[in-house]
$ cat model.cif   # mmCIF, C-alpha atoms
data_my_file
loop_
_atom_site.group_PDB
_atom_site.id
_atom_site.type_symbol
_atom_site.label_atom_id
_atom_site.label_comp_id
_atom_site.auth_asym_id
_atom_site.auth_seq_id
_atom_site.Cartn_x
_atom_site.Cartn_y
_atom_site.Cartn_z
ATOM 1 C CA MET A 262 4.114 -20.178 14.422
ATOM 2 C CA GLN A 263 2.091 -17.191 13.478
ATOM 3 C CA LYS A 264 3.711 -14.907 10.942
ATOM 4 C CA ILE A 265 5.129 -11.761 12.421
ATOM 5 C CA LYS A 266 4.218 -8.855 10.265
ATOM 6 C CA TYR A 267 3.691 -5.252 10.933
ATOM 7 C CA ALA A 268 2.041 -3.763 7.889
ATOM 8 C CA LEU A 269 0.464 -0.423 8.532
ATOM 9 C CA THR A 270 -0.709 1.957 5.894
ATOM 10 C CA THR A 271 -1.148 5.240 7.638
ATOM 11 C CA LEU A 272 -1.815 8.821 6.889
ATOM 12 C CA LEU A 273 0.375 10.683 9.349
ATOM 13 C CA ILE A 274 0.586 14.442 9.634
ATOM 14 C CA SER A 275 4.258 15.277 10.029
ATOM 15 C CA LEU A 276 7.133 17.547 9.071
ATOM 16 C CA ILE A 277 5.967 21.157 9.481
ATOM 17 C CA ILE A 278 7.027 23.376 6.603
ATOM 18 C CA ASN A 279 7.634 27.100 6.496
ATOM 19 C CA GLN A 280 5.230 28.083 3.738
ATOM 20 C CA ILE A 281 1.619 27.562 2.839
ATOM 21 C CA ASN A 282 0.940 25.687 -0.392
ATOM 22 C CA ALA A 283 -2.330 24.878 -2.110
ATOM 23 C CA SER A 284 -2.626 21.126 -2.284
ATOM 24 C CA HIS A 285 -4.446 18.485 -4.207
ATOM 25 C CA SER A 286 -3.742 15.520 -1.917
ATOM 26 C CA VAL A 287 -6.810 14.058 -0.242
ATOM 27 C CA GLY A 288 -4.857 11.003 0.924
ATOM 28 C CA ALA A 289 -3.024 7.890 -0.212
ATOM 29 C CA ASP A 290 -2.392 4.191 0.484
ATOM 30 C CA LEU A 291 0.965 2.380 0.330
ATOM 31 C CA THR A 292 0.904 -1.414 0.025
ATOM 32 C CA TYR A 293 3.107 -4.288 -1.129
ATOM 33 C CA THR A 294 2.535 -7.700 -2.697
ATOM 34 C CA CYS A 295 5.070 -10.519 -2.694
ATOM 35 C CA VAL A 296 6.099 -11.565 -6.209
ATOM 36 C CA ASP A 297 8.644 -14.228 -5.279
ATOM 37 C CA GLY A 298 10.998 -14.630 -2.332
ATOM 38 C CA ASP A 299 12.235 -11.155 -1.413
ATOM 39 C CA THR A 300 10.893 -9.476 -4.572
ATOM 40 C CA TYR A 301 7.857 -7.291 -3.969
ATOM 41 C CA LYS A 302 5.483 -5.192 -6.036
ATOM 42 C CA ILE A 303 4.968 -1.849 -4.291
ATOM 43 C CA THR A 304 1.776 0.108 -4.973
ATOM 44 C CA LEU A 305 0.982 3.726 -4.142
ATOM 45 C CA THR A 306 -2.646 4.789 -4.552
ATOM 46 C CA PHE A 307 -3.089 8.560 -4.541
ATOM 47 C CA TYR A 308 -6.361 10.481 -4.157
ATOM 48 C CA ARG A 309 -6.589 13.955 -5.721
ATOM 49 C CA ASP A 310 -9.034 16.750 -4.952
ATOM 50 C CA CYS A 311 -10.358 17.932 -8.316
ATOM 51 C CA VAL A 312 -10.941 21.466 -6.998
ATOM 52 C CA SER A 313 -7.172 21.972 -7.055
ATOM 53 C CA ASP A 314 -5.361 23.101 -10.180
ATOM 54 C CA THR A 315 -2.295 21.089 -9.109
ATOM 55 C CA ASP A 316 -1.632 17.854 -10.991
ATOM 56 C CA ALA A 317 -1.226 14.483 -9.306
ATOM 57 C CA PRO A 318 2.308 13.048 -9.068
ATOM 58 C CA GLY A 319 3.576 11.616 -12.327
ATOM 59 C CA VAL A 320 1.268 13.586 -14.605
ATOM 60 C CA ASN A 321 4.131 15.860 -15.651
ATOM 61 C CA GLY A 322 6.900 13.293 -15.266
ATOM 62 C CA ASP A 323 7.623 13.892 -11.572
ATOM 63 C CA PHE A 324 7.087 10.255 -10.648
ATOM 64 C CA PRO A 325 6.710 9.481 -6.918
ATOM 65 C CA GLU A 326 9.700 8.119 -5.006
ATOM 66 C CA ILE A 327 9.408 5.570 -2.222
ATOM 67 C CA ASN A 328 12.036 5.462 0.504
ATOM 68 C CA ILE A 329 13.039 1.998 1.718
ATOM 69 C CA ARG A 330 15.092 1.715 4.886
ATOM 70 C CA SER A 331 16.024 -0.569 7.789
ATOM 71 C CA ALA A 332 17.781 0.546 10.960
ATOM 72 C CA THR A 333 18.907 -2.929 12.018
ATOM 73 C CA CYS A 334 20.350 -3.683 8.583
ATOM 74 C CA ASN A 335 21.763 -0.147 8.171
ATOM 75 C CA PHE A 336 20.194 0.244 4.735
ATOM 76 C CA ASN A 337 18.525 3.193 3.004
ATOM 77 C CA THR A 338 17.528 3.676 -0.638
ATOM 78 C CA ASP A 339 14.884 5.263 -2.868
ATOM 79 C CA ILE A 340 12.990 3.757 -5.773
ATOM 80 C CA THR A 341 10.798 5.479 -8.359
ATOM 81 C CA LEU A 342 7.296 4.219 -9.109
ATOM 82 C CA THR A 343 5.627 4.561 -12.486
ATOM 83 C CA PRO A 344 1.957 5.419 -13.149
ATOM 84 C CA VAL A 345 -0.522 2.740 -14.113
ATOM 85 C CA THR A 346 -2.329 3.740 -17.300
ATOM 86 C CA ASN A 347 -6.042 3.068 -17.770
ATOM 87 C CA PRO A 348 -7.242 1.224 -20.908
ATOM 88 C CA ASP A 349 -8.246 4.580 -22.423
ATOM 89 C CA GLY A 350 -4.719 5.943 -21.937
ATOM 90 C CA THR A 351 -5.536 8.219 -18.994
ATOM 91 C CA LEU A 352 -3.932 8.106 -15.562
ATOM 92 C CA ALA A 353 -6.905 9.263 -13.475
ATOM 93 C CA THR A 354 -9.938 7.257 -12.417
ATOM 94 C CA GLU A 355 -12.784 9.327 -11.026
ATOM 95 C CA ILE A 356 -14.100 7.922 -7.742
ATOM 96 C CA SER A 357 -16.265 10.846 -6.662
ATOM 97 C CA PRO A 358 -18.819 9.631 -4.084
ATOM 98 C CA ILE A 359 -21.824 10.844 -6.059
ATOM 99 C CA CYS A 360 -24.442 9.114 -8.168
ATOM 100 C CA GLU A 361 -23.118 7.871 -11.496
ATOM 101 C CA GLY A 362 -25.596 10.018 -13.364
ATOM 102 C CA GLN A 363 -24.165 13.122 -11.694
ATOM 103 C CA LEU A 364 -20.473 12.505 -12.503
ATOM 104 C CA SER A 365 -20.634 15.051 -15.310
ATOM 105 C CA ASN A 366 -21.428 17.635 -12.631
ATOM 106 C CA SER A 367 -18.398 16.889 -10.448
ATOM 107 C CA THR A 368 -15.478 19.296 -10.085
ATOM 108 C CA CYS A 369 -13.397 16.765 -12.053
ATOM 109 C CA ASN A 370 -15.585 17.668 -15.046
ATOM 110 C CA GLY A 371 -16.070 21.382 -14.403
ATOM 111 C CA GLY A 372 -19.204 21.040 -12.292
ATOM 112 C CA PRO A 373 -20.017 22.155 -8.715
ATOM 113 C CA LEU A 374 -20.149 18.752 -6.943
ATOM 114 C CA GLN A 375 -17.083 17.598 -4.998
ATOM 115 C CA GLY A 376 -14.923 15.374 -7.188
ATOM 116 C CA VAL A 377 -12.021 13.030 -6.399
ATOM 117 C CA GLU A 378 -9.617 11.221 -8.725
ATOM 118 C CA GLN A 379 -7.572 8.106 -8.016
ATOM 119 C CA TYR A 380 -4.064 7.530 -9.399
ATOM 120 C CA THR A 381 -2.057 4.324 -9.056
ATOM 121 C CA TYR A 382 1.729 3.888 -9.207
ATOM 122 C CA THR A 383 3.723 0.663 -9.020
ATOM 123 C CA GLY A 384 7.277 -0.600 -8.935
ATOM 124 C CA THR A 385 9.108 -3.849 -8.204
ATOM 125 C CA TYR A 386 11.909 -4.119 -5.681
ATOM 126 C CA THR A 387 14.046 -6.997 -4.411
ATOM 127 C CA PHE A 388 15.061 -6.555 -0.779
ATOM 128 C CA PRO A 389 18.800 -7.240 -0.414
ATOM 129 C CA GLU A 390 18.611 -8.640 3.127
ATOM 130 C CA LYS A 391 16.344 -10.246 5.690
ATOM 131 C CA CYS A 392 15.409 -7.522 8.180
ATOM 132 C CA LYS A 393 12.698 -7.229 10.798
ATOM 133 C CA ASP A 394 12.121 -3.495 10.432
ATOM 134 C CA TRP A 395 11.826 -2.497 6.786
ATOM 135 C CA ILE A 396 10.014 0.837 6.422
ATOM 136 C CA LEU A 397 8.559 1.817 3.051
ATOM 137 C CA SER A 398 7.505 5.471 3.066
ATOM 138 C CA TYR A 399 6.232 8.253 0.851
ATOM 139 C CA SER A 400 5.870 11.964 1.566
ATOM 140 C CA LEU A 401 4.463 14.878 -0.388
ATOM 141 C CA CYS A 402 3.938 18.551 0.337
ATOM 142 C CA CYS A 403 1.255 19.256 1.410
ATOM 143 C CA ARG A 404 -2.031 18.141 2.947
ATOM 144 C CA ASN A 405 -5.248 19.419 1.407
ATOM 145 C CA ALA A 406 -6.255 22.927 2.531
ATOM 146 C CA ALA A 407 -9.899 21.819 2.440
ATOM 147 C CA ILE A 408 -9.344 19.558 5.481
ATOM 148 C CA THR A 409 -11.313 21.111 8.341
ATOM 149 C CA ASN A 410 -10.703 18.756 11.279
ATOM 150 C CA SER A 411 -6.966 19.549 11.355
ATOM 151 C CA PRO A 412 -6.022 23.235 11.722
ATOM 152 C CA ASN A 413 -3.848 24.549 8.883
ATOM 153 C CA ALA A 414 -3.621 21.117 7.278
ATOM 154 C CA ASP A 415 -1.826 22.574 4.257
ATOM 155 C CA ASN A 416 1.101 23.448 6.538
ATOM 156 C CA TYR A 417 1.900 19.766 6.877
ATOM 157 C CA ASP A 418 3.232 17.092 4.551
ATOM 158 C CA LEU A 419 1.274 14.020 3.553
ATOM 159 C CA TYR A 420 3.266 11.068 4.935
ATOM 160 C CA LEU A 421 2.629 7.333 4.648
ATOM 161 C CA GLU A 422 4.578 4.289 5.693
ATOM 162 C CA SER A 423 4.145 0.551 5.411
ATOM 163 C CA LEU A 424 6.200 -1.816 7.568
ATOM 164 C CA LEU A 425 7.607 -5.159 6.450
ATOM 165 C CA ASN A 426 9.332 -7.944 8.386
ATOM 166 C CA ASN A 427 10.841 -10.429 5.921
ATOM 167 C CA LEU A 428 13.069 -12.023 8.564
ATOM 168 C CA ASN A 429 10.493 -14.423 10.009
ATOM 169 C CA ALA A 430 7.752 -14.299 7.394
ATOM 170 C CA GLU A 431 9.023 -14.882 3.869
ATOM 171 C CA CYS A 432 6.940 -13.707 0.920
ATOM 172 C CA ASN A 433 4.288 -11.894 2.933
ATOM 173 C CA ASN A 434 1.725 -9.356 1.739
ATOM 174 C CA SER A 435 0.465 -6.158 3.313
ATOM 175 C CA PRO A 436 -3.208 -5.565 4.041
ATOM 176 C CA VAL A 437 -5.080 -3.653 1.353
ATOM 177 C CA PHE A 438 -8.069 -1.316 1.486
ATOM 178 C CA THR A 439 -10.999 -2.349 -0.706
ATOM 179 C CA THR A 440 -13.184 0.722 -0.081
ATOM 180 C CA PRO A 441 -12.208 4.096 -1.588
ATOM 181 C CA PRO A 442 -11.623 6.465 1.380
ATOM 182 C CA VAL A 443 -13.757 9.323 0.056
ATOM 183 C CA PRO A 444 -17.226 9.036 1.657
ATOM 184 C CA TYR A 445 -19.636 11.896 2.138
ATOM 185 C CA ILE A 446 -20.531 12.214 5.834
ATOM 186 C CA CYS A 447 -23.468 14.293 7.063
ATOM 187 C CA VAL A 448 -22.669 16.939 9.686
ATOM 188 C CA ASN A 449 -23.711 16.031 13.256
ATOM 189 C CA GLN A 450 -24.859 12.560 12.250
ATOM 190 C CA PRO A 451 -23.413 9.254 13.595
ATOM 191 C CA PHE A 452 -21.405 7.473 10.915
ATOM 192 C CA ASN A 453 -19.734 4.072 10.725
ATOM 193 C CA TYR A 454 -17.078 3.608 8.060
ATOM 194 C CA ASN A 455 -15.532 0.307 6.981
ATOM 195 C CA HIS A 456 -12.194 0.611 5.162
ATOM 196 C CA GLY A 457 -12.654 -2.913 3.844
ATOM 197 C CA VAL A 458 -9.215 -3.981 5.073
ATOM 198 C CA PHE A 459 -8.218 -7.369 3.651
ATOM 199 C CA ASP A 460 -5.108 -9.482 4.183
ATOM 200 C CA VAL A 461 -4.652 -12.425 1.826
ATOM 201 C CA GLU A 462 -2.809 -14.415 4.512
ATOM 202 C CA GLY A 463 -5.366 -13.539 7.161
ATOM 203 C CA ASP A 464 -2.670 -12.728 9.719
ATOM 204 C CA SER A 465 -2.167 -9.770 12.022
#
$ encode --input "model.cif" --output "structure tokens"
Amino acid sequence: MQKIKYALTTLLISLIINQINASHSVGADLTYTCVDGDTYKITLTFYRDCVSDTDAPGVNGDFPEINIRSATCNFNTDITLTPVTNPDGTLATEISPICEGQLSNSTCNGGPLQGVEQYTYTGTYTFPEKCKDWILSYSLCCRNAAITNSPNADNYDLYLESLLNNLNAECNNSPVFTTPPVPYICVNQPFNYNHGVFDVEGDS
């Protein structure tokens, strides 16, 4: 019997707020990996616009919280993720979509070229029950003001969720993205983009 799993990592615009805030959030991914049984490693990957003077979550100790809930099991809790530190002790990895020789000219390094940083946060959680509708979610105010294909994007929260069914598919893993979602796209030119989605079980 094919595993039943709904694992979606989405960037949803939701929750209108009453004020305008400058934002650093380009986007994010929320995934999970089975460690053993009902214990999972949860990973949040956050992408920061280097033009902003706002720090990424966790840089000043405000570590990101993930909400975990199930309607059928009547359960709701929050867990805190911790940043993954690079070998050099930093939290940020620059993934600006520019030639390697030009990285010193990115906005992450004080230059004029668009720069993007990647931050990773992880935590381990053991689900207390078998439920078909676990929702793992993360939200942050606000979307990046530089977004131009969504009017007033910085009036909306960044919201992600990943769905898990551990009732019929024990020790399952979510899909992951293998391509950083920060391409440069030429105006008025056709463009095909592959997120590089990969599922270790190969299921749907």
$ closest_residue --input "model.cif" --among "A:Asp323, A:Glu422, A:Glu378, A:Asp339" --to "Glu355 (chain A)" --atoms "all atoms listed in the file"
A:Glu378
$ residues_near_point --input "model.cif" --point "(10.9, -3.6, -4.7)" --cutoff "7 Å" --atoms "only C-alpha atoms" --output "CSV table (one decimal) with C-alpha atoms, in the coordinates of the input"
chain,number,residue,atom,x,y,z
A,300,THR,CA,10.9,-9.5,-4.6
A,301,TYR,CA,7.9,-7.3,-4.0
A,302,LYS,CA,5.5,-5.2,-6.0
A,303,ILE,CA,5.0,-1.8,-4.3
A,384,GLY,CA,7.3,-0.6,-8.9
A,385,THR,CA,9.1,-3.8,-8.2
A,386,TYR,CA,11.9,-4.1,-5.7
A,387,THR,CA,14.0,-7.0,-4.4
A,388,PHE,CA,15.1,-6.6,-0.8
$ closest_residue --input "model.cif" --among "A:Thr338, A:Gly371, A:Tyr308, A:Asp316" --to "Trp395 (chain A)" --atoms "all atoms listed in the file"
A:Thr338
$ atom_distance --input "model.cif" --atom1 "CA of Asn335 (chain A)" --atom2 "CA of Leu397 (chain A)"
14.3 Å
$ atom_distance --input "model.cif" --atom1 "CA of Cys334 (chain A)" --atom2 "CA of Leu401 (chain A)"
26.0 Å
$ closest_residue --input "model.cif" --among "A:Ala289, A:Val443, A:Ile329, A:Val461" --to "Thr381 (chain A)" --atoms "only C-alpha atoms"
A:Ala289
$ resolve_selection --input "model.cif" --expression "the PyMOL selection byres ((chain A and resi 320) around 10)" --output "count of residues only"
14
$ resolve_selection --input "model.cif" --expression "the PyMOL selection byres ((chain A and resi 358) around 8)" --output "count of residues only"
9
$ resolve_selection --input "model.cif" --expression "the PyMOL selection byres ((chain A and resi 391) around 12)" --output "list of chain:residue names"
A:Gly298, A:Asp299, A:Thr300, A:Ser331, A:Thr333, A:Cys334, A:Asn335, A:Phe336, A:Thr387, A:Phe388, A:Pro389, A:Glu390, A:Cys392, A:Lys393, A:Asp394, A:Trp395, A:Leu425, A:Asn426, A:Asn427, A:Leu428, A:Asn429, A:Ala430, A:Glu431, A:Cys432
$ residues_around --input "model.cif" --residues "Ser435 (chain A)" --least-positions-apart "6" --cutoff "7 Å" --atoms "only C-alpha atoms" --output "list of chain:residue names"
A:Ala268, A:Thr292, A:Tyr293, A:Thr294, A:Asp460
$ closest_residue --input "model.cif" --among "A:Leu424, A:Tyr417, A:Thr306, A:Ser400" --to "Phe438 (chain A)" --atoms "all atoms listed in the file"
A:Thr306
$ atom_distance --input "model.cif" --atom1 "CA of Cys369 (chain A)" --atom2 "CA of Arg309 (chain A)"
9.7 Å
$ axis_aligned_box --input "model.cif" --around "region 360-364 of chain A" --padding-each-side "4 Å" --output "JSON"
{"center_x": -23.0, "center_y": 10.5, "center_z": -10.8, "size_x": 13.1, "size_y": 13.3, "size_z": 13.2}
$ residues_around --input "model.cif" --residues "Tyr382 (chain A)" --least-positions-apart "4" --cutoff "7 Å" --atoms "all atoms listed in the file" --output "PyMOL selection string"
chain A and resi 304-306+342-345
